[in-house]
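K.L.:
Below you'll find coords_26.csv; it's CSV, C-alpha atoms.
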```
chain,number,residue,atom,x,y,z
A,1,MET,CA,42.0,120.4,107.6
A,2,ALA,CA,40.9,116.9,106.6
A,3,THR,CA,39.5,118.2,103.3
A,4,ILE,CA,42.9,119.9,102.5
A,5,LEU,CA,44.8,116.7,103.0
A,6,ILE,CA,42.4,114.7,100.8
A,7,MET,CA,42.8,117.3,98.1
A,8,GLN,CA,46.6,117.2,98.3
A,9,ARG,CA,46.6,113.5,98.0
A,10,SER,CA,44.3,113.6,95.0
A,11,LEU,CA,46.6,116.2,93.3
A,12,ARG,CA,49.8,114.2,93.7
A,13,GLN,CA,51.8,114.0,90.6
A,14,GLN,CA,51.4,110.8,88.7
A,15,ARG,CA,54.6,108.7,88.4
A,16,VAL,CA,56.0,108.8,84.8
A,17,PHE,CA,58.2,106.0,83.5
A,18,ARG,CA,60.5,107.1,80.8
A,19,ASP,CA,61.0,105.1,77.6
A,20,ARG,CA,64.4,103.5,78.1
A,21,SER,CA,66.2,103.0,74.8
A,22,GLN,CA,68.3,100.0,74.0
A,23,PRO,CA,71.3,101.2,71.9
A,24,LEU,CA,72.7,97.7,71.7
A,25,ASP,CA,69.6,96.6,69.8
A,26,SER,CA,69.5,99.5,67.4
A,27,LEU,CA,73.1,100.6,66.7
A,28,ASN,CA,75.7,98.8,64.7
A,29,ASP,CA,79.3,98.4,65.8
A,30,SER,CA,80.6,101.5,64.1
A,31,GLU,CA,77.9,103.6,65.7
A,32,LEU,CA,78.5,102.0,69.1
A,33,ILE,CA,82.2,102.8,68.9
A,34,SER,CA,81.5,106.4,68.0
A,35,ARG,CA,79.2,106.8,71.0
A,36,TYR,CA,80.6,104.4,73.6
A,37,ARG,CA,84.1,103.7,72.2
A,38,PHE,CA,83.5,99.9,72.2
A,39,PRO,CA,81.7,97.4,69.8
A,40,ARG,CA,78.8,95.3,70.9
A,41,ARG,CA,80.8,92.2,71.7
A,42,VAL,CA,83.2,94.0,74.1
A,43,ILE,CA,80.3,95.8,75.8
A,44,PHE,CA,78.4,92.6,76.4
A,45,ASP,CA,81.6,91.1,77.9
A,46,MET,CA,81.9,93.9,80.3
A,47,ILE,CA,78.2,93.7,81.2
A,48,ASP,CA,78.6,90.0,82.0
A,49,GLY,CA,81.7,90.7,84.1
A,50,VAL,CA,80.0,93.2,86.4
A,51,ASP,CA,76.5,91.9,86.4
A,52,GLU,CA,76.8,90.1,89.7
A,53,GLN,CA,77.8,93.4,91.4
A,54,LEU,CA,75.4,95.7,89.7
A,55,ARG,CA,72.3,93.6,89.2
A,56,PRO,CA,69.4,95.3,91.1
A,57,TYR,CA,68.1,92.9,93.8
A,58,THR,CA,64.7,94.4,94.1
A,59,GLN,CA,61.1,93.4,93.4
A,60,ARG,CA,60.3,96.8,91.7
A,61,SER,CA,59.0,96.4,88.2
A,62,HIS,CA,61.1,99.2,86.7
A,63,ALA,CA,64.5,98.5,88.2
A,64,ILE,CA,67.4,99.7,86.1
A,65,PRO,CA,69.3,96.7,84.6
A,66,THR,CA,73.1,96.3,84.5
A,67,GLN,CA,73.2,96.9,80.8
A,68,LEU,CA,71.8,100.4,81.1
A,69,GLN,CA,74.1,101.2,84.0
A,70,VAL,CA,77.2,100.2,82.0
A,71,LEU,CA,76.0,102.1,79.0
A,72,CYS,CA,75.4,105.3,81.0
A,73,THR,CA,78.9,105.1,82.4
A,74,LEU,CA,80.6,104.4,79.1
A,75,ARG,CA,78.7,107.2,77.5
A,76,TYR,CA,79.8,109.7,80.2
A,77,ILE,CA,83.5,108.6,80.0
A,78,ALA,CA,83.5,108.5,76.2
A,79,LYS,CA,81.8,111.9,75.6
A,80,ALA,CA,82.2,113.8,78.9
A,81,ASP,CA,78.4,114.6,78.6
A,82,PHE,CA,76.4,116.3,81.3
A,83,PHE,CA,74.5,114.0,83.7
A,84,SER,CA,71.2,115.4,82.3
A,85,GLU,CA,72.2,114.5,78.7
A,86,VAL,CA,73.3,111.0,79.6
A,87,GLY,CA,70.0,110.5,81.5
A,88,ASP,CA,67.9,111.9,78.7
A,89,ILE,CA,69.6,109.6,76.1
A,90,HIS,CA,69.1,106.4,78.2
A,91,GLY,CA,65.7,107.3,79.8
A,92,VAL,CA,66.9,107.7,83.4
A,93,SER,CA,67.1,110.6,85.8
A,94,LYS,CA,70.1,112.9,86.4
A,95,SER,CA,70.4,111.9,90.0
A,96,PHE,CA,70.6,108.2,89.0
A,97,VAL,CA,73.4,108.9,86.6
A,98,SER,CA,75.3,110.7,89.4
A,99,VAL,CA,75.0,107.7,91.7
A,100,CYS,CA,75.5,105.1,88.9
A,101,ILE,CA,78.8,106.2,87.5
A,102,PRO,CA,81.1,105.7,90.6
A,103,ARG,CA,79.4,102.3,91.3
A,104,VAL,CA,79.9,101.0,87.8
A,105,CYS,CA,83.5,102.4,87.8
A,106,GLN,CA,84.3,100.4,90.9
A,107,ALA,CA,82.9,97.2,89.3
A,108,LEU,CA,84.8,97.8,86.1
A,109,CYS,CA,88.1,98.4,87.9
A,110,GLU,CA,87.7,95.1,89.8
A,111,HIS,CA,86.7,93.3,86.6
A,112,LEU,CA,89.4,94.7,84.2
A,113,GLN,CA,92.7,93.6,85.8
A,114,ASN,CA,94.8,95.0,83.0
A,115,ILE,CA,97.2,97.5,84.6
A,116,LYS,CA,100.4,95.8,85.5
A,117,PHE,CA,104.1,96.4,84.9
A,118,PRO,CA,106.0,93.6,83.2
A,119,SER,CA,108.4,91.6,85.4
A,120,SER,CA,109.8,88.8,83.2
A,121,VAL,CA,113.1,89.2,81.3
A,122,ILE,CA,111.5,88.4,78.0
A,123,SER,CA,108.7,91.0,78.3
A,124,LEU,CA,111.1,93.7,79.5
A,125,ARG,CA,113.5,92.9,76.5
A,126,LYS,CA,110.5,93.1,74.1
A,127,MET,CA,109.4,96.5,75.5
A,128,LYS,CA,113.0,97.9,75.2
A,129,GLU,CA,113.1,96.8,71.6
A,130,GLN,CA,109.7,98.4,70.8
A,131,PHE,CA,110.8,101.7,72.4
A,132,TYR,CA,114.2,101.6,70.6
A,133,CYS,CA,112.4,101.2,67.2
A,134,ILE,CA,110.5,104.4,67.9
A,135,ALA,CA,113.3,106.8,68.9
A,136,ARG,CA,116.5,104.8,68.8
A,137,PHE,CA,116.9,105.3,72.6
A,138,PRO,CA,118.1,102.2,74.5
A,139,ASN,CA,116.9,100.5,77.7
A,140,VAL,CA,113.5,102.3,78.0
A,141,VAL,CA,110.8,100.2,79.6
A,142,GLY,CA,108.2,102.9,80.0
A,143,ALA,CA,107.2,106.5,79.2
A,144,ILE,CA,106.1,108.5,82.2
A,145,ASP,CA,104.2,111.8,82.4
A,146,GLY,CA,101.8,113.6,84.7
A,147,THR,CA,98.9,116.0,84.4
A,148,LEU,CA,96.5,118.0,86.5
A,149,ILE,CA,92.9,116.8,86.2
A,150,PRO,CA,90.4,119.4,87.4
A,151,ILE,CA,87.9,118.3,90.0
A,152,LYS,CA,84.9,120.0,91.7
A,153,GLY,CA,85.7,122.4,94.5
A,154,MET,CA,84.9,121.5,98.1
A,155,SER,CA,84.5,123.1,101.5
A,156,SER,CA,85.9,120.4,103.8
A,157,ASP,CA,89.0,120.6,106.0
A,158,ASP,CA,91.0,118.9,103.3
A,159,GLU,CA,90.2,121.5,100.7
A,160,HIS,CA,93.6,123.0,100.6
A,161,ILE,CA,95.2,119.7,99.7
A,162,TYR,CA,93.6,119.6,96.3
A,163,VAL,CA,94.5,123.2,95.2
A,164,SER,CA,97.1,122.9,92.4
A,165,ARG,CA,100.0,125.1,91.7
A,166,LYS,CA,97.8,126.8,89.0
A,167,ASN,CA,95.3,127.7,91.7
A,168,PHE,CA,92.4,125.4,90.9
A,169,HIS,CA,91.2,122.1,92.5
A,170,ALA,CA,92.8,119.1,90.7
A,171,LEU,CA,94.2,115.7,91.1
A,172,ASN,CA,97.9,115.2,90.2
A,173,ILE,CA,97.8,112.1,88.0
A,174,GLN,CA,100.9,110.2,86.9
A,175,GLY,CA,100.9,107.6,84.2
A,176,VAL,CA,103.3,105.1,82.7
A,177,VAL,CA,102.7,103.7,79.2
A,178,ASP,CA,104.4,101.2,77.0
A,179,ALA,CA,105.5,101.6,73.3
A,180,GLU,CA,101.9,100.9,72.1
A,181,MET,CA,100.5,103.9,73.9
A,182,ARG,CA,97.4,105.8,73.0
A,183,CYS,CA,97.1,109.2,74.8
A,184,LEU,CA,94.0,110.1,76.8
A,185,HIS,CA,93.3,113.6,75.7
A,186,LYS,CA,92.0,116.3,78.1
A,187,SER,CA,88.4,117.5,77.8
A,188,GLY,CA,87.2,120.8,79.2
A,189,GLY,CA,85.4,121.1,82.5
A,190,CYS,CA,86.0,119.1,85.7
A,191,LEU,CA,84.9,115.9,87.3
A,192,PRO,CA,81.8,116.6,89.5
A,193,PHE,CA,82.6,114.1,92.2
A,194,THR,CA,84.5,113.9,95.5
A,195,PRO,CA,88.3,113.4,95.1
A,196,THR,CA,88.0,109.6,95.9
A,197,LYS,CA,85.4,109.1,93.2
A,198,CYS,CA,87.3,111.3,90.7
A,199,ALA,CA,90.3,109.0,91.2
A,200,LEU,CA,88.1,106.0,90.6
A,201,VAL,CA,86.8,107.5,87.3
A,202,ILE,CA,90.3,108.2,86.2
A,203,GLU,CA,91.4,104.7,87.0
A,204,THR,CA,88.5,103.3,85.0
A,205,CYS,CA,89.5,105.4,82.0
A,206,CYS,CA,93.0,103.9,82.1
A,207,ARG,CA,91.6,100.3,82.3
A,208,LEU,CA,89.2,101.0,79.5
A,209,HIS,CA,92.0,102.5,77.5
A,210,ASN,CA,94.0,99.3,77.9
A,211,LYS,CA,91.0,97.2,77.0
A,212,ALA,CA,90.6,99.2,73.8
A,213,ILE,CA,94.2,98.5,72.9
A,214,GLU,CA,93.8,94.8,73.7
A,215,GLU,CA,90.7,94.6,71.4
A,216,ARG,CA,92.4,96.7,68.7
A,217,ILE,CA,89.6,99.2,68.6
A,218,PRO,CA,90.3,102.0,66.1
A,219,LEU,CA,90.7,105.5,67.3
A,220,GLN,CA,88.1,108.1,66.3
A,221,GLN,CA,89.3,110.5,63.6
A,222,GLY,CA,88.9,113.8,65.5
A,223,GLY,CA,91.6,115.8,63.9
A,224,GLN,CA,94.7,117.2,65.6
A,225,VAL,CA,94.5,117.4,69.4
A,226,VAL,CA,94.8,121.0,70.6
A,227,LEU,CA,97.2,121.4,73.5
A,228,GLN,CA,95.2,122.5,76.6
A,229,HIS,CA,98.0,123.4,79.0
A,230,ASN,CA,100.1,126.5,79.3
A,231,ASN,CA,103.5,124.8,79.1
A,232,TYR,CA,105.7,125.7,76.1
A,233,VAL,CA,106.1,122.9,73.7
A,234,TYR,CA,108.8,123.1,71.0
A,235,GLY,CA,107.0,122.3,67.7
A,236,GLY,CA,110.0,122.3,65.3
A,237,ALA,CA,113.0,120.0,64.9
A,238,PRO,CA,115.2,119.5,68.0
A,239,LEU,CA,118.1,121.7,68.4
A,240,ARG,CA,121.5,120.5,67.2
A,241,SER,CA,122.8,120.5,70.8
A,242,ALA,CA,119.9,118.4,72.0
A,243,ARG,CA,120.5,115.8,69.3
A,244,ASP,CA,124.2,115.6,70.1
A,245,LEU,CA,123.4,115.2,73.8
A,246,ARG,CA,120.9,112.4,73.2
A,247,GLN,CA,123.5,110.6,71.0
A,248,HIS,CA,126.2,111.0,73.7
A,249,ILE,CA,123.9,109.5,76.3
A,250,ALA,CA,122.8,106.6,74.0
A,251,SER,CA,126.4,105.8,73.0
A,252,ARG,CA,127.2,105.1,76.7
A,253,PHE,CA,125.0,102.0,76.6
```
Would you mind writing the file's structure down as structure tokens?
P.N.:
Amino acid sequence: MATILIMQRSLRQQRVFRDRSQPLDSLNDSELISRYRFPRRVIFDMIDGVDEQLRPYTQRSHAIPTQLQVLCTLRYIAKADFFSEVGDIHGVSKSFVSVCIPRVCQALCEHLQNIKFPSSVISLRKMKEQFYCIARFPNVVGAIDGTLIPIKGMSSDDEHIYVSRKNFHALNIQGVVDAEMRCLHKSGGCLPFTPTKCALVIETCCRLHNKAIEERIPLQQGGQVVLQHNNYVYGGAPLRSARDLRQHIASRF
């Protein structure tokens, strides 16, 4: 028996440390935007803002730094890659990516305090003017819409709460945007987290979306966005009756 134990110990698999790439050192700003949606300067600002929360307090020689944690999360949000692909690109394990993303999202949401509705008279008047220039519709201070974002199925007692009207597990997300909106477009698949963590990832997307607008980061040229839902959308010019009704409502103001 002692001989078997000694042999098992001698045959233990040797630890392998992956080569962790440093994209910030090798990619220019255009390449970083195409892969992470942000240039080097903005990424470093975000790393500095969350470093205190994410810095590994350990004596281990191969602890994963804040920079790599943020890059893994930005890559996942920007490209909707599988955990294994994100891990392979950055030299970390699939399990680490799964744990890392919610933690970084929590830190980014606390750092990026950029979701707020205007309250001053001047800012509200400016927003109304911007919307009026778009569609000649008065007194609009926000455009609101909702969507179902698929999430991973579950087997808990609350499972029925997350089954949507289209018979799949989803979070019903409502958003309000201003006149300088950029739409978040729906990718295939679902978020492989618990509902609470899924909501955290979605909130992070919104805050990063606002950050991209503040920094005037150009949109990627990906062609026309294909509609992913089943609702009928009228693609031609509005009906005459619809234009008359809009004009009647607008004239009352």
K.L.:
Report as a PDB file with C-alpha atoms, in the coordinates of the input all protein, DNA and RNA residues lying within 9 Å of segment 62-69 of chain A, evaluated on all atoms listed in the file, omitting residues in the same chain fewer than 3 positions from it.
P.N.:
```pdb
ATOM      1  CA  PHE A  17      58.200 106.000  83.500  1.00  0.00           C
ATOM      2  CA  ARG A  20      64.400 103.500  78.100  1.00  0.00           C
ATOM      3  CA  SER A  21      66.200 103.000  74.800  1.00  0.00           C
ATOM      4  CA  GLN A  22      68.300 100.000  74.000  1.00  0.00           C
ATOM      5  CA  ILE A  43      80.300  95.800  75.800  1.00  0.00           C
ATOM      6  CA  PHE A  44      78.400  92.600  76.400  1.00  0.00           C
ATOM      7  CA  ILE A  47      78.200  93.700  81.200  1.00  0.00           C
ATOM      8  CA  ASP A  48      78.600  90.000  82.000  1.00  0.00           C
ATOM      9  CA  VAL A  50      80.000  93.200  86.400  1.00  0.00           C
ATOM     10  CA  ASP A  51      76.500  91.900  86.400  1.00  0.00           C
ATOM     11  CA  GLU A  52      76.800  90.100  89.700  1.00  0.00           C
ATOM     12  CA  GLN A  53      77.800  93.400  91.400  1.00  0.00           C
ATOM     13  CA  LEU A  54      75.400  95.700  89.700  1.00  0.00           C
ATOM     14  CA  ARG A  55      72.300  93.600  89.200  1.00  0.00           C
ATOM     15  CA  PRO A  56      69.400  95.300  91.100  1.00  0.00           C
ATOM     16  CA  TYR A  57      68.100  92.900  93.800  1.00  0.00           C
ATOM     17  CA  THR A  58      64.700  94.400  94.100  1.00  0.00           C
ATOM     18  CA  GLN A  59      61.100  93.400  93.400  1.00  0.00           C
ATOM     19  CA  CYS A  72      75.400 105.300  81.000  1.00  0.00           C
ATOM     20  CA  THR A  73      78.900 105.100  82.400  1.00  0.00           C
ATOM     21  CA  LEU A  74      80.600 104.400  79.100  1.00  0.00           C
ATOM     22  CA  HIS A  90      69.100 106.400  78.200  1.00  0.00           C
ATOM     23  CA  VAL A  92      66.900 107.700  83.400  1.00  0.00           C
ATOM     24  CA  VAL A  97      73.400 108.900  86.600  1.00  0.00           C
ATOM     25  CA  CYS A 100      75.500 105.100  88.900  1.00  0.00           C
ATOM     26  CA  ILE A 101      78.800 106.200  87.500  1.00  0.00           C
ATOM     27  CA  VAL A 104      79.900 101.000  87.800  1.00  0.00           C
TER      28      VAL A 104
END
```
K.L.:
Between A:Phe168, A:Phe131, A:Phe117, A:Tyr76, which has the minimum distance to Thr204 of chain A (counting all atoms listed in the file)?
P.N.:
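Looking at the shortest contact to Thr204 of chain A, the residue is A:Tyr76.
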K.L.:
Counting all atoms listed in the file, which residues have an atom no more than 12 Å from (89.4, 102.1, 73.4) in the file's coordinates? Please list them as an NGL selection string.
P.N.:
:A and (32-39 or 42-43 or 74 or 77-78 or 181-184 or 204-220)
K.L.:
For the atom pair atom CA of Ala107 of chain A and atom CA of Gly49 of chain A, what is the interatomic distance in Å to one decimal place?
P.N.:
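Distance between the two atoms: 8.4 Å.
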